[in-house]
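Below is start_2.cif, holding mmCIF, C-alpha atoms.
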```cif
data_upload
loop_
_atom_site.group_PDB
_atom_site.id
_atom_site.type_symbol
_atom_site.label_atom_id
_atom_site.label_comp_id
_atom_site.auth_asym_id
_atom_site.auth_seq_id
_atom_site.Cartn_x
_atom_site.Cartn_y
_atom_site.Cartn_z
ATOM 1 C CA MET A 1 -53.658 -14.978 -70.754
ATOM 2 C CA ASN A 2 -50.887 -13.769 -73.069
ATOM 3 C CA LEU A 3 -49.158 -10.733 -71.541
ATOM 4 C CA GLN A 4 -47.946 -9.596 -74.945
ATOM 5 C CA ASN A 5 -51.532 -9.311 -76.162
ATOM 6 C CA LEU A 6 -52.319 -7.216 -73.084
ATOM 7 C CA ARG A 7 -49.439 -4.913 -74.039
ATOM 8 C CA TYR A 8 -50.979 -4.603 -77.504
ATOM 9 C CA LEU A 9 -54.292 -3.651 -75.876
ATOM 10 C CA LEU A 10 -52.706 -0.893 -73.795
ATOM 11 C CA SER A 11 -50.762 0.502 -76.732
ATOM 12 C CA ILE A 12 -53.840 0.702 -78.967
ATOM 13 C CA ALA A 13 -55.854 2.280 -76.143
ATOM 14 C CA GLU A 14 -53.121 4.891 -75.684
ATOM 15 C CA THR A 15 -52.600 5.782 -79.358
ATOM 16 C CA GLY A 16 -56.147 5.193 -80.613
ATOM 17 C CA SER A 17 -54.654 3.816 -83.812
ATOM 18 C CA MET A 18 -53.536 0.407 -85.091
ATOM 19 C CA THR A 19 -51.002 2.081 -87.376
ATOM 20 C CA ARG A 20 -49.392 4.207 -84.652
ATOM 21 C CA SER A 21 -49.361 1.271 -82.229
ATOM 22 C CA ALA A 22 -47.686 -1.001 -84.768
ATOM 23 C CA GLU A 23 -45.006 1.657 -85.273
ATOM 24 C CA GLN A 24 -44.639 2.140 -81.521
ATOM 25 C CA LEU A 25 -44.285 -1.610 -80.945
ATOM 26 C CA ASN A 26 -42.016 -2.079 -83.981
ATOM 27 C CA MET A 27 -44.210 -4.748 -85.540
ATOM 28 C CA THR A 28 -46.477 -5.174 -88.538
ATOM 29 C CA GLN A 29 -50.089 -4.088 -88.401
ATOM 30 C CA PRO A 30 -51.423 -7.570 -89.382
ATOM 31 C CA ALA A 31 -49.487 -9.146 -86.497
ATOM 32 C CA LEU A 32 -50.918 -6.559 -84.114
ATOM 33 C CA SER A 33 -54.437 -7.219 -85.426
ATOM 34 C CA ARG A 34 -53.999 -10.965 -84.866
ATOM 35 C CA GLY A 35 -52.855 -10.383 -81.295
ATOM 36 C CA LEU A 36 -55.853 -8.153 -80.560
ATOM 37 C CA ALA A 37 -58.249 -10.631 -82.195
ATOM 38 C CA ALA A 38 -56.793 -13.452 -80.068
ATOM 39 C CA LEU A 39 -57.354 -11.404 -76.916
ATOM 40 C CA GLU A 40 -60.939 -10.584 -77.899
ATOM 41 C CA ASP A 41 -61.582 -14.288 -78.578
ATOM 42 C CA GLU A 42 -60.153 -15.189 -75.191
ATOM 43 C CA VAL A 43 -62.278 -12.702 -73.221
ATOM 44 C CA GLY A 44 -65.339 -13.264 -75.434
ATOM 45 C CA ALA A 45 -66.055 -9.590 -76.087
ATOM 46 C CA GLN A 46 -65.245 -6.845 -78.574
ATOM 47 C CA LEU A 47 -62.728 -4.503 -76.957
ATOM 48 C CA PHE A 48 -62.616 -1.765 -79.622
ATOM 49 C CA VAL A 49 -64.969 -0.144 -82.075
ATOM 50 C CA ARG A 50 -63.103 -0.051 -85.387
ATOM 51 C CA LEU A 51 -63.543 3.379 -86.979
ATOM 52 C CA PRO A 52 -62.134 4.400 -90.388
ATOM 53 C CA LYS A 53 -59.112 6.132 -88.889
ATOM 54 C CA ALA A 54 -59.254 5.320 -85.201
ATOM 55 C CA MET A 55 -59.886 2.672 -82.552
ATOM 56 C CA ARG A 56 -62.294 3.485 -79.718
ATOM 57 C CA LEU A 57 -62.589 1.402 -76.554
ATOM 58 C CA THR A 58 -65.885 -0.321 -75.856
ATOM 59 C CA VAL A 59 -67.203 -0.618 -72.302
ATOM 60 C CA PHE A 60 -65.590 -4.091 -72.213
ATOM 61 C CA GLY A 61 -62.341 -2.622 -73.498
ATOM 62 C CA ARG A 62 -62.274 -0.022 -70.723
ATOM 63 C CA VAL A 63 -62.614 -2.803 -68.142
ATOM 64 C CA MET A 64 -59.769 -4.768 -69.738
ATOM 65 C CA VAL A 65 -57.520 -1.697 -69.920
ATOM 66 C CA ARG A 66 -58.040 -0.947 -66.237
ATOM 67 C CA ARG A 67 -57.336 -4.568 -65.271
ATOM 68 C CA ALA A 68 -54.338 -4.841 -67.609
ATOM 69 C CA GLN A 69 -52.831 -1.680 -66.113
ATOM 70 C CA GLY A 70 -53.235 -3.271 -62.699
ATOM 71 C CA ILE A 71 -51.495 -6.464 -63.814
ATOM 72 C CA PHE A 72 -48.453 -4.604 -65.119
ATOM 73 C CA ARG A 73 -48.339 -2.416 -62.015
ATOM 74 C CA GLN A 74 -48.289 -5.554 -59.868
ATOM 75 C CA LEU A 75 -45.415 -6.954 -61.933
ATOM 76 C CA GLU A 76 -43.477 -3.694 -61.581
ATOM 77 C CA ASP A 77 -44.150 -3.680 -57.834
ATOM 78 C CA ALA A 78 -42.787 -7.212 -57.570
ATOM 79 C CA GLN A 79 -39.605 -6.149 -59.361
ATOM 80 C CA HIS A 80 -39.195 -3.103 -57.115
ATOM 81 C CA GLU A 81 -39.777 -5.107 -53.950
ATOM 82 C CA ILE A 82 -37.335 -7.830 -54.994
ATOM 83 C CA ARG A 83 -34.693 -5.261 -55.952
ATOM 84 C CA HIS A 84 -35.104 -3.510 -52.628
ATOM 85 C CA LEU A 85 -34.802 -6.774 -50.713
ATOM 86 C CA GLN A 86 -31.709 -7.706 -52.697
ATOM 87 C CA GLU A 87 -29.922 -4.388 -52.518
ATOM 88 C CA HIS A 88 -31.476 -2.612 -49.499
ATOM 89 C CA GLU A 89 -31.141 0.533 -51.589
ATOM 90 C CA GLU A 90 -32.944 3.798 -50.919
ATOM 91 C CA THR A 91 -35.762 4.310 -53.406
ATOM 92 C CA GLU A 92 -37.165 7.142 -55.421
ATOM 93 C CA LEU A 93 -40.630 8.144 -54.262
ATOM 94 C CA SER A 94 -43.287 10.013 -56.252
ATOM 95 C CA VAL A 95 -46.508 11.262 -54.653
ATOM 96 C CA GLY A 96 -49.478 13.260 -55.914
ATOM 97 C CA SER A 97 -51.042 16.071 -53.942
ATOM 98 C CA GLY A 98 -53.966 18.456 -53.938
ATOM 99 C CA PRO A 99 -53.184 22.179 -53.512
ATOM 100 C CA ILE A 100 -53.970 22.449 -49.788
ATOM 101 C CA TRP A 101 -51.564 19.621 -48.974
ATOM 102 C CA LEU A 102 -48.854 21.194 -51.145
ATOM 103 C CA THR A 103 -48.689 24.281 -48.932
ATOM 104 C CA GLY A 104 -49.689 22.577 -45.694
ATOM 105 C CA LEU A 105 -48.523 19.367 -44.076
ATOM 106 C CA LEU A 106 -46.878 17.658 -47.049
ATOM 107 C CA PRO A 107 -43.650 19.731 -46.958
ATOM 108 C CA ARG A 108 -43.321 18.962 -43.236
ATOM 109 C CA ALA A 109 -43.870 15.247 -43.840
ATOM 110 C CA ILE A 110 -41.277 15.263 -46.629
ATOM 111 C CA ASN A 111 -38.766 17.032 -44.404
ATOM 112 C CA LEU A 112 -39.226 14.408 -41.677
ATOM 113 C CA THR A 113 -39.005 11.582 -44.205
ATOM 114 C CA THR A 114 -35.747 12.832 -45.685
ATOM 115 C CA GLN A 115 -34.320 13.186 -42.177
ATOM 116 C CA ASP A 116 -35.161 9.530 -41.517
ATOM 117 C CA LEU A 117 -33.977 8.388 -44.964
ATOM 118 C CA PRO A 118 -31.239 10.767 -46.145
ATOM 119 C CA GLY A 119 -30.721 8.928 -49.435
ATOM 120 C CA VAL A 120 -34.318 9.032 -50.633
ATOM 121 C CA SER A 121 -35.304 11.121 -53.678
ATOM 122 C CA ILE A 122 -38.865 12.499 -53.601
ATOM 123 C CA SER A 123 -40.945 13.901 -56.482
ATOM 124 C CA VAL A 124 -44.226 15.748 -55.827
ATOM 125 C CA ILE A 125 -46.874 16.226 -58.533
ATOM 126 C CA GLY A 126 -49.686 18.688 -57.868
ATOM 127 C CA GLY A 127 -53.198 18.511 -59.253
ATOM 128 C CA PHE A 128 -56.876 17.928 -58.539
ATOM 129 C CA GLU A 129 -58.947 14.784 -57.988
ATOM 130 C CA ARG A 130 -59.279 13.348 -61.489
ATOM 131 C CA GLN A 131 -55.734 14.195 -62.532
ATOM 132 C CA LEU A 132 -54.309 12.655 -59.366
ATOM 133 C CA ALA A 133 -56.453 9.526 -59.593
ATOM 134 C CA GLU A 134 -55.113 8.832 -63.084
ATOM 135 C CA LEU A 135 -51.543 9.232 -61.846
ATOM 136 C CA VAL A 136 -51.988 6.604 -59.157
ATOM 137 C CA ARG A 137 -53.845 4.243 -61.525
ATOM 138 C CA ARG A 138 -50.952 4.418 -63.989
ATOM 139 C CA GLY A 139 -48.447 3.722 -61.240
ATOM 140 C CA GLN A 140 -46.779 7.116 -61.653
ATOM 141 C CA VAL A 141 -47.170 7.929 -57.953
ATOM 142 C CA ALA A 142 -47.238 5.703 -54.851
ATOM 143 C CA PHE A 143 -50.242 7.478 -53.354
ATOM 144 C CA ILE A 144 -52.166 10.734 -53.583
ATOM 145 C CA LEU A 145 -53.379 13.238 -51.004
ATOM 146 C CA THR A 146 -56.725 14.642 -51.988
ATOM 147 C CA GLU A 147 -60.382 15.035 -51.075
ATOM 148 C CA LEU A 148 -62.140 11.721 -50.485
ATOM 149 C CA THR A 149 -65.492 11.051 -52.110
ATOM 150 C CA ASP A 150 -68.100 8.335 -52.488
ATOM 151 C CA ASP A 151 -68.236 9.003 -56.240
ATOM 152 C CA PRO A 152 -68.174 5.614 -58.058
ATOM 153 C CA GLU A 153 -65.508 7.042 -60.379
ATOM 154 C CA PHE A 154 -62.993 6.649 -57.543
ATOM 155 C CA SER A 155 -64.289 3.352 -56.115
ATOM 156 C CA ASP A 156 -61.255 1.422 -57.415
ATOM 157 C CA LEU A 157 -58.976 3.309 -55.013
ATOM 158 C CA HIS A 158 -58.397 2.534 -51.344
ATOM 159 C CA SER A 159 -59.109 5.603 -49.196
ATOM 160 C CA GLU A 160 -57.776 6.446 -45.748
ATOM 161 C CA PRO A 161 -59.321 9.541 -44.119
ATOM 162 C CA LEU A 162 -56.891 11.851 -42.355
ATOM 163 C CA ALA A 163 -58.599 15.186 -41.714
ATOM 164 C CA SER A 164 -61.604 17.355 -42.478
ATOM 165 C CA ALA A 165 -62.111 20.980 -43.373
ATOM 166 C CA ARG A 166 -65.049 23.315 -43.893
ATOM 167 C CA TYR A 167 -65.856 24.965 -47.207
ATOM 168 C CA ALA A 168 -66.162 28.754 -47.425
ATOM 169 C CA VAL A 169 -66.820 31.491 -49.924
ATOM 170 C CA VAL A 170 -63.525 33.373 -50.130
ATOM 171 C CA ALA A 171 -62.777 36.892 -51.355
ATOM 172 C CA ARG A 172 -60.151 39.605 -50.906
ATOM 173 C CA ARG A 173 -60.138 41.735 -47.792
ATOM 174 C CA GLY A 174 -61.993 44.955 -48.502
ATOM 175 C CA HIS A 175 -64.334 43.219 -50.960
ATOM 176 C CA PRO A 176 -67.706 45.028 -51.248
ATOM 177 C CA LEU A 177 -69.482 41.996 -49.739
ATOM 178 C CA GLU A 178 -67.233 41.983 -46.664
ATOM 179 C CA ARG A 179 -69.038 45.099 -45.412
ATOM 180 C CA ALA A 180 -72.525 43.834 -46.248
ATOM 181 C CA GLY A 181 -73.067 41.739 -43.108
ATOM 182 C CA THR A 182 -74.436 38.208 -43.175
ATOM 183 C CA LEU A 183 -74.999 37.177 -46.779
ATOM 184 C CA GLU A 184 -77.623 35.153 -48.609
ATOM 185 C CA LEU A 185 -76.777 33.065 -51.678
ATOM 186 C CA PRO A 186 -78.350 35.519 -54.178
ATOM 187 C CA ASP A 187 -75.937 38.180 -52.875
ATOM 188 C CA LEU A 188 -73.074 36.147 -54.354
ATOM 189 C CA LEU A 189 -74.400 36.075 -57.902
ATOM 190 C CA GLY A 190 -73.506 39.647 -58.792
ATOM 191 C CA PHE A 191 -69.759 39.000 -58.771
ATOM 192 C CA PRO A 192 -67.389 37.025 -61.007
ATOM 193 C CA TRP A 193 -66.137 33.629 -59.855
ATOM 194 C CA VAL A 194 -62.781 31.907 -60.205
ATOM 195 C CA MET A 195 -62.642 28.163 -59.587
ATOM 196 C CA PRO A 196 -60.001 25.437 -59.666
ATOM 197 C CA ASP A 197 -60.176 23.561 -62.932
ATOM 198 C CA LYS A 198 -60.898 19.817 -62.576
ATOM 199 C CA ALA A 199 -61.761 20.164 -58.870
ATOM 200 C CA VAL A 200 -64.854 18.012 -59.316
ATOM 201 C CA ASN A 201 -65.968 17.756 -55.695
ATOM 202 C CA ALA A 202 -65.786 21.460 -54.909
ATOM 203 C CA GLN A 203 -67.775 22.277 -58.047
ATOM 204 C CA LYS A 204 -70.453 19.699 -57.212
ATOM 205 C CA ARG A 205 -70.848 21.088 -53.695
ATOM 206 C CA LEU A 206 -71.054 24.662 -54.949
ATOM 207 C CA ASP A 207 -73.656 23.745 -57.565
ATOM 208 C CA GLY A 208 -75.687 21.770 -55.020
ATOM 209 C CA LEU A 209 -75.645 24.664 -52.573
ATOM 210 C CA PHE A 210 -77.412 26.954 -55.039
ATOM 211 C CA GLN A 211 -79.667 24.299 -56.554
ATOM 212 C CA THR A 212 -81.180 23.405 -53.168
ATOM 213 C CA GLU A 213 -82.537 26.957 -53.033
ATOM 214 C CA GLY A 214 -83.763 26.859 -56.621
ATOM 215 C CA LEU A 215 -80.978 29.119 -57.874
ATOM 216 C CA SER A 216 -78.762 28.702 -60.904
ATOM 217 C CA PRO A 217 -75.186 28.147 -59.714
ATOM 218 C CA PRO A 218 -72.618 30.815 -60.566
ATOM 219 C CA VAL A 219 -70.514 30.138 -63.656
ATOM 220 C CA ALA A 220 -66.778 30.532 -63.151
ATOM 221 C CA ARG A 221 -65.471 32.935 -65.781
ATOM 222 C CA ILE A 222 -61.893 32.110 -64.776
ATOM 223 C CA ARG A 223 -60.586 28.586 -64.130
ATOM 224 C CA SER A 224 -57.090 27.396 -63.339
ATOM 225 C CA THR A 225 -55.233 24.289 -62.198
ATOM 226 C CA SER A 226 -52.925 26.574 -60.162
ATOM 227 C CA ASN A 227 -54.004 27.375 -56.625
ATOM 228 C CA GLY A 228 -51.348 30.106 -56.534
ATOM 229 C CA PHE A 229 -52.918 31.811 -59.535
ATOM 230 C CA ILE A 230 -56.394 31.627 -57.959
ATOM 231 C CA THR A 231 -55.323 33.202 -54.660
ATOM 232 C CA THR A 232 -53.414 35.959 -56.459
ATOM 233 C CA TYR A 233 -56.363 36.637 -58.770
ATOM 234 C CA LEU A 234 -58.700 36.879 -55.771
ATOM 235 C CA GLU A 235 -56.410 39.397 -54.061
ATOM 236 C CA GLN A 236 -56.411 41.606 -57.166
ATOM 237 C CA SER A 237 -60.096 41.466 -58.149
ATOM 238 C CA ASP A 238 -63.660 41.326 -56.836
ATOM 239 C CA ALA A 239 -63.933 37.652 -57.786
ATOM 240 C CA LEU A 240 -65.162 34.954 -55.393
ATOM 241 C CA THR A 241 -64.202 31.325 -55.010
ATOM 242 C CA PHE A 242 -65.465 28.268 -53.137
ATOM 243 C CA ALA A 243 -62.696 26.524 -51.248
ATOM 244 C CA VAL A 244 -61.832 24.959 -47.911
ATOM 245 C CA THR A 245 -60.778 27.327 -45.143
ATOM 246 C CA PRO A 246 -57.090 26.213 -45.058
ATOM 247 C CA ILE A 247 -56.682 28.227 -48.269
ATOM 248 C CA LEU A 248 -56.670 31.308 -46.017
ATOM 249 C CA ARG A 249 -53.444 30.233 -44.301
ATOM 250 C CA GLY A 250 -50.554 32.249 -45.582
ATOM 251 C CA HIS A 251 -52.864 34.636 -47.444
ATOM 252 C CA PRO A 252 -53.668 37.571 -45.140
ATOM 253 C CA GLY A 253 -55.179 39.408 -48.089
ATOM 254 C CA LEU A 254 -58.053 36.910 -48.289
ATOM 255 C CA THR A 255 -61.055 36.456 -46.031
ATOM 256 C CA GLU A 256 -64.089 34.206 -45.576
ATOM 257 C CA LEU A 257 -67.428 35.860 -46.339
ATOM 258 C CA PRO A 258 -70.127 35.221 -43.684
ATOM 259 C CA LEU A 259 -73.167 33.330 -44.983
ATOM 260 C CA SER A 260 -76.508 32.854 -43.274
ATOM 261 C CA ARG A 261 -76.402 29.098 -43.833
ATOM 262 C CA PRO A 262 -73.815 26.490 -42.831
ATOM 263 C CA LEU A 263 -71.513 25.232 -45.542
ATOM 264 C CA PRO A 264 -70.476 21.598 -46.055
ATOM 265 C CA LYS A 265 -67.300 19.954 -44.847
ATOM 266 C CA ARG A 266 -64.965 17.741 -46.809
ATOM 267 C CA THR A 267 -62.822 14.810 -45.757
ATOM 268 C CA THR A 268 -59.324 14.570 -47.140
ATOM 269 C CA GLY A 269 -56.729 11.853 -46.950
ATOM 270 C CA ILE A 270 -54.710 9.183 -48.709
ATOM 271 C CA GLN A 271 -55.808 7.329 -51.836
ATOM 272 C CA ARG A 272 -53.867 4.504 -53.411
ATOM 273 C CA LEU A 273 -54.382 1.272 -55.280
ATOM 274 C CA PRO A 274 -55.512 -1.596 -53.039
ATOM 275 C CA ASP A 275 -52.786 -4.128 -52.204
ATOM 276 C CA ASP A 276 -50.063 -2.101 -53.954
ATOM 277 C CA TRP A 277 -46.598 -2.583 -52.512
ATOM 278 C CA LEU A 278 -45.275 0.552 -50.843
ATOM 279 C CA SER A 279 -41.570 1.252 -50.564
ATOM 280 C CA PRO A 280 -40.083 1.909 -47.108
ATOM 281 C CA ALA A 281 -39.882 5.610 -48.036
ATOM 282 C CA ALA A 282 -43.615 5.689 -48.876
ATOM 283 C CA GLU A 283 -44.489 3.878 -45.654
ATOM 284 C CA LYS A 284 -42.347 6.293 -43.651
ATOM 285 C CA MET A 285 -43.966 9.352 -45.231
ATOM 286 C CA LEU A 286 -47.439 7.984 -44.538
ATOM 287 C CA GLU A 287 -46.486 7.470 -40.901
ATOM 288 C CA HIS A 288 -45.461 11.109 -40.614
ATOM 289 C CA LEU A 289 -48.622 12.330 -42.370
ATOM 290 C CA ARG A 290 -50.831 10.381 -39.964
ATOM 291 C CA VAL A 291 -49.073 11.863 -36.944
ATOM 292 C CA LEU A 292 -49.069 15.411 -38.316
ATOM 293 C CA THR A 293 -52.785 15.414 -39.150
ATOM 294 C CA LEU A 294 -53.619 14.338 -35.589
ATOM 295 C CA GLN A 295 -52.067 17.613 -34.446
ATOM 296 C CA GLU A 296 -54.301 19.744 -36.688
ATOM 297 C CA ASP A 297 -57.860 20.792 -35.790
ATOM 298 C CA GLU A 298 -58.818 21.316 -39.416
ATOM 299 C CA PHE A 299 -57.027 20.575 -42.665
#
```
Could you write out this file's structure as structure tokens?
Amino acid sequence: MNLQNLRYLLSIAETGSMTRSAEQLNMTQPALSRGLAALEDEVGAQLFVRLPKAMRLTVFGRVMVRRAQGIFRQLEDAQHEIRHLQEHEETELSVGSGPIWLTGLLPRAINLTTQDLPGVSISVIGGFERQLAELVRRGQVAFILTELTDDPEFSDLHSEPLASARYAVVARRGHPLERAGTLELPDLLGFPWVMPDKAVNAQKRLDGLFQTEGLSPPVARIRSTSNGFITTYLEQSDALTFAVTPILRGHPGLTELPLSRPLPKRTTGIQRLPDDWLSPAAEKMLEHLRVLTLQEDEF
């Protein structure tokens, strides 16, 4: 298969336009069209729906894009591995992390890693499940630390469980519900909610909790990708959120509200692309994370 045609595919998928892709690739639009047509002939399927002013991936095109991204990641990995073997140089390492890891064990693991490898440069990107999964698929991070799920959307990633934590309904200390004793789910519906944006698993669990009792789930009036914003907002309002109990660490102004029913647990850990090469710095950090999580009862 012609790698150049695969590059054309990825460019068109990214820009959504033959014209913009031709400009990006510094080539003529007819030449780009011929390359795409040759690729479609080779795979025996239409990869794009041609719209008047745009190109939209078909289901076959989405498969090819995912596989093509994997091919180029493998080629980049081979170059990195060869360069490391040739030069024995310290590498740059980028990792993705969910909010609990950012303020929990990840800083400790990074500190230990930099002590072992003083020349390594480490970049940390925060986010939630879908954002982080895209980062690792694009090869922008070596691995991600996030909640693990059996959702088919994440089935292309290799998962390694590290720890578990229990969900809780969280509010500020002194919240009116804190003095109300053991709570039922309807008691929670009279207050505003703030939820992490794009935290798919937490939202699904919250919705399921209410739906099993025939109740409409609360609608979050405030959403944010910043865990810091959410905790600060909770401390300054009567809002509620649904989060794992480690969110309470370092936030004495927050508390878990007691419910009459048990709440679900989540498993969190490492996700990465199967068979991806990991640099020595990435391997070293993963070693430290595995050891550190063994020392924690809940995370």
Set out as a tab-separated table a contact list for segment 235-274 of chain A and segment 129-134 of chain A with a cut-off of 12 Å, giving each residue of segment 235-274 of chain A that qualifies its closest atom pair and distance in Å to one decimal, counting all atoms listed in the file, ordered by chain and rising residue number.
```
residue	atom	partner	partner_atom	distance
A:Thr268	CA	A:Glu129	CA	10.9
A:Gly269	CA	A:Glu129	CA	11.6
A:Ile270	CA	A:Ala133	CA	11.0
A:Gln271	CA	A:Ala133	CA	8.1
A:Arg272	CA	A:Ala133	CA	8.4
A:Leu273	CA	A:Ala133	CA	9.5
```
Once the PyMOL selection byres ((chain A and resi 53) around 9) has been applied to the shown file, what residues remain in the selection, as a PDB file with C-alpha atoms, in the frame of the given file?
```
ATOM      1  CA  GLY A  16     -56.147   5.193 -80.613  1.00  0.00           C
ATOM      2  CA  SER A  17     -54.654   3.816 -83.812  1.00  0.00           C
ATOM      3  CA  MET A  18     -53.536   0.407 -85.091  1.00  0.00           C
ATOM      4  CA  ARG A  50     -63.103  -0.051 -85.387  1.00  0.00           C
ATOM      5  CA  LEU A  51     -63.543   3.379 -86.979  1.00  0.00           C
ATOM      6  CA  PRO A  52     -62.134   4.400 -90.388  1.00  0.00           C
ATOM      7  CA  ALA A  54     -59.254   5.320 -85.201  1.00  0.00           C
ATOM      8  CA  MET A  55     -59.886   2.672 -82.552  1.00  0.00           C
TER       9      MET A  55
END
```
The PyMOL selection byres ((chain A and resi 291) around 12) resolved against shown file, as a list in words: Leu105, Leu106, Arg108, Ala109, Leu112, Leu162, Ala163, Lys284, Met285, Leu286, Glu287, His288, Leu289, Arg290, Leu292, Thr293, Leu294, Gln295 and Glu296 of chain A
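Each of A:Pro152, A:Gly96, A:Pro161, A:Gly61 was checked against Leu135 of chain A using all atoms listed in the file; the smallest atom-to-atom distance is that of A:Gly96.
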Ground truth for the PyMOL selection byres ((chain A and resi 234-240) around 6), written as an mmCIF file with C-alpha atoms, in the frame of the given file:
```cif
data_model
loop_
_atom_site.group_PDB
_atom_site.id
_atom_site.type_symbol
_atom_site.label_atom_id
_atom_site.label_comp_id
_atom_site.auth_asym_id
_atom_site.auth_seq_id
_atom_site.Cartn_x
_atom_site.Cartn_y
_atom_site.Cartn_z
ATOM 1 C CA VAL A 170 -63.525 33.373 -50.130
ATOM 2 C CA ALA A 171 -62.777 36.892 -51.355
ATOM 3 C CA ARG A 172 -60.151 39.605 -50.906
ATOM 4 C CA PRO A 192 -67.389 37.025 -61.007
ATOM 5 C CA TRP A 193 -66.137 33.629 -59.855
ATOM 6 C CA THR A 231 -55.323 33.202 -54.660
ATOM 7 C CA THR A 232 -53.414 35.959 -56.459
ATOM 8 C CA TYR A 233 -56.363 36.637 -58.770
ATOM 9 C CA THR A 241 -64.202 31.325 -55.010
#
```
I'd like the neighbourhood of Thr245 of chain A as a CSV table (one decimal) with C-alpha atoms, in the frame of the given file, where a residue qualifies if any of its atoms comes within 10 Å (using only C-alpha atoms), though same-chain residues fewer than 5 positions away should be ignored.
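Resulting contents of part-v2.csv:
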```
chain,number,residue,atom,x,y,z
A,100,ILE,CA,-54.0,22.4,-49.8
A,165,ALA,CA,-62.1,21.0,-43.4
A,166,ARG,CA,-65.0,23.3,-43.9
A,167,TYR,CA,-65.9,25.0,-47.2
A,168,ALA,CA,-66.2,28.8,-47.4
A,169,VAL,CA,-66.8,31.5,-49.9
A,170,VAL,CA,-63.5,33.4,-50.1
A,255,THR,CA,-61.1,36.5,-46.0
A,256,GLU,CA,-64.1,34.2,-45.6
A,265,LYS,CA,-67.3,20.0,-44.8
A,298,GLU,CA,-58.8,21.3,-39.4
A,299,PHE,CA,-57.0,20.6,-42.7
```
Coordinates-based distance that separates atom CA of Val124 of chain A from atom CA of Pro107 of chain A (Å, one decimal): 9.7 Å
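Closest approach to Gly119 of chain A among A:Gln74, A:Thr58, A:Thr91, A:Thr267 is made by A:Thr91 (distances from all atoms listed in the file).
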Polymer residues at most 10 Å from Pro186 of chain A, only C-alpha atoms, same-chain spacing of 5 or more positions, as a PyMOL selection string: chain A and resi 210+213+215-218
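When only C-alpha atoms are used to measure the gap to Gly214 of chain A, the shortest distance among A:Ala281, A:Ala199, A:Leu185, A:Ala45 belongs to A:Leu185.
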Atom-to-atom span, atom CA of Asn201 of chain A and atom CA of Asn111 of chain A, Å: 29.5 Å
Point (-62.4, -1.1, -76.0) neighbourhood (12 Å, all atoms listed in the file) written as a PyMOL selection string: chain A and resi 9-14+16+36+39-40+43+45-51+54-66
Non-local contacts of Asp77 of chain A (10 Å; all atoms listed in the file; under 2 positions in same chain excluded) as a ChimeraX atom specification: /A:71-75,79-83,139,276-279
Option closest in space to Ser224 of chain A, from A:Ala31, A:Ala68, A:Ala202, A:Met195 [counting only C-alpha atoms]: A:Met195
I'd like the box whose edges run along x, y and z of the file and which contains every listed atom of segment 264-267 of chain A, padded by 4 Å per side; could you state its centre and edge lengths in Å, one decimal, as lines of an AutoDock Vina configuration file?
```
center_x = -66.6
center_y = 18.2
center_z = -45.8
size_x = 15.7
size_y = 14.8
size_z = 10.0
```
Assuming the input is short of atoms at segment 123-131 of chain A, produce N, CA, C and O atoms for that part as a compact mmCIF listing (two decimals), in the frame of the given file.
```txt
# COMPACT_ATOMS: atom_id res chain seq x y z
N SER A 123 -40.33 13.06 -55.46
CA SER A 123 -40.94 13.90 -56.48
C SER A 123 -42.41 14.13 -56.11
O SER A 123 -43.11 13.19 -55.76
N VAL A 124 -42.85 15.38 -56.18
CA VAL A 124 -44.23 15.75 -55.83
C VAL A 124 -44.92 16.32 -57.06
O VAL A 124 -44.41 17.24 -57.70
N ILE A 125 -46.08 15.77 -57.38
CA ILE A 125 -46.87 16.23 -58.53
C ILE A 125 -48.18 16.79 -58.01
O ILE A 125 -48.94 16.09 -57.32
N GLY A 126 -48.46 18.05 -58.31
CA GLY A 126 -49.69 18.69 -57.87
C GLY A 126 -50.81 18.53 -58.87
O GLY A 126 -50.58 18.34 -60.07
N GLY A 127 -52.05 18.62 -58.37
CA GLY A 127 -53.20 18.51 -59.25
C GLY A 127 -54.49 18.44 -58.46
O GLY A 127 -54.51 18.67 -57.25
N PHE A 128 -55.58 18.10 -59.17
CA PHE A 128 -56.88 17.93 -58.54
C PHE A 128 -57.33 16.48 -58.72
O PHE A 128 -56.64 15.66 -59.31
N GLU A 129 -58.53 16.17 -58.19
CA GLU A 129 -58.95 14.78 -57.99
C GLU A 129 -58.76 13.87 -59.20
O GLU A 129 -58.12 12.82 -59.10
N ARG A 130 -59.32 14.24 -60.33
CA ARG A 130 -59.28 13.35 -61.49
C ARG A 130 -57.86 13.18 -62.02
O ARG A 130 -57.44 12.08 -62.37
N GLN A 131 -57.13 14.27 -62.08
CA GLN A 131 -55.73 14.20 -62.53
C GLN A 131 -54.93 13.27 -61.63
O GLN A 131 -54.18 12.40 -62.10
```
